[in-house]
Every structure is written in structure tokens, then in C-alpha cells.
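The structure under discussion appears below in the form of C-alpha cells.
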Amino acid sequence: MDMPTLYTPNEVADYLHVSRGTIYGLLRNNEIGSVKVGRNRRFTAGHVKEYLTKRGPEVVIDKLYSN
């Protein structure tokens, strides 16, 4: 069985060009899925793809202009 690669909140934040705090905010608002590994949150590529599909390309633009 192939195991999916798990990404840290920092890695997802870097990929999406947002802060780690933004990722935790998305988690609090149930906008992005994750798995819990011990006390830590981890993300699969599927979680990130699903989030981007739901939110669409305007996410990056909104985040860039909100700072």
C-alpha cells in the first residue's frame, strides 16, 4: 500500500504563499482538511488540491492584496 506524503503547515503555507497563521485559521474555520499525527497537523496533496478547487484561483489574489 502506498502511503501519501504528509506536509507540515509551514510547507503548505510556503506552497500557497501565505503565513503559517493563515493555514491555522483555515483549519479553525474547517476550510482545509488535515490529519492529526500525534499532536501535530499534517496535510496531504489531496487536502491542498481540494481546498484550491473549492476556493478557486482568487485565493492567491485575495491573500496577496490583503496584506
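So you can find residues: chains in the C-alpha cells are A, B, ... in the order shown, residues in each start at 1, and ligands are numbered from 1 in order.
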Apply DSSP to the structure's backbone, then extract all residues of chain A labelled strand (DSSP E) and return them as a CSV table (one decimal) with C-alpha atoms, in the first residue's frame.
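Contents of states39.csv, as written:
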chain,number,residue,atom,x,y,z
A,35,VAL,CA,-4.9,14.6,9.6
A,36,LYS,CA,-3.6,14.6,13.1
A,37,VAL,CA,-0.3,12.8,13.7
A,40,ASN,CA,0.6,17.7,15.0
A,41,ARG,CA,-1.5,18.6,11.9
A,42,ARG,CA,-0.3,17.3,8.6
task = Enumerate the residues of stretch 7-65 of chain A with a DSSP assignment of helix (DSSP H, G or I), computed from the backbone, and present them as an MDAnalysis selection string.
result = chainID A and resid 9:16 20:28 45:55 58:65
**Asked** So how far away is atom CA of A:Ala13 from atom CA of A:Asn30, in Å?
**Response**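 Separation between atom CA of A:Asn30 and atom CA of A:Ala13: 16.0 Å.
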Quiz item: So, counting only C-alpha atoms, which residue among A:Leu6, A:Leu26, A:Met1, A:Ile32 is closest to A:Tyr51?
Solution: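 With only C-alpha atoms as the atom set, the closest residue is A:Ile32.
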re atom CA of A:Gly38 and atom CA of A:Thr5: distance 16.2 Å
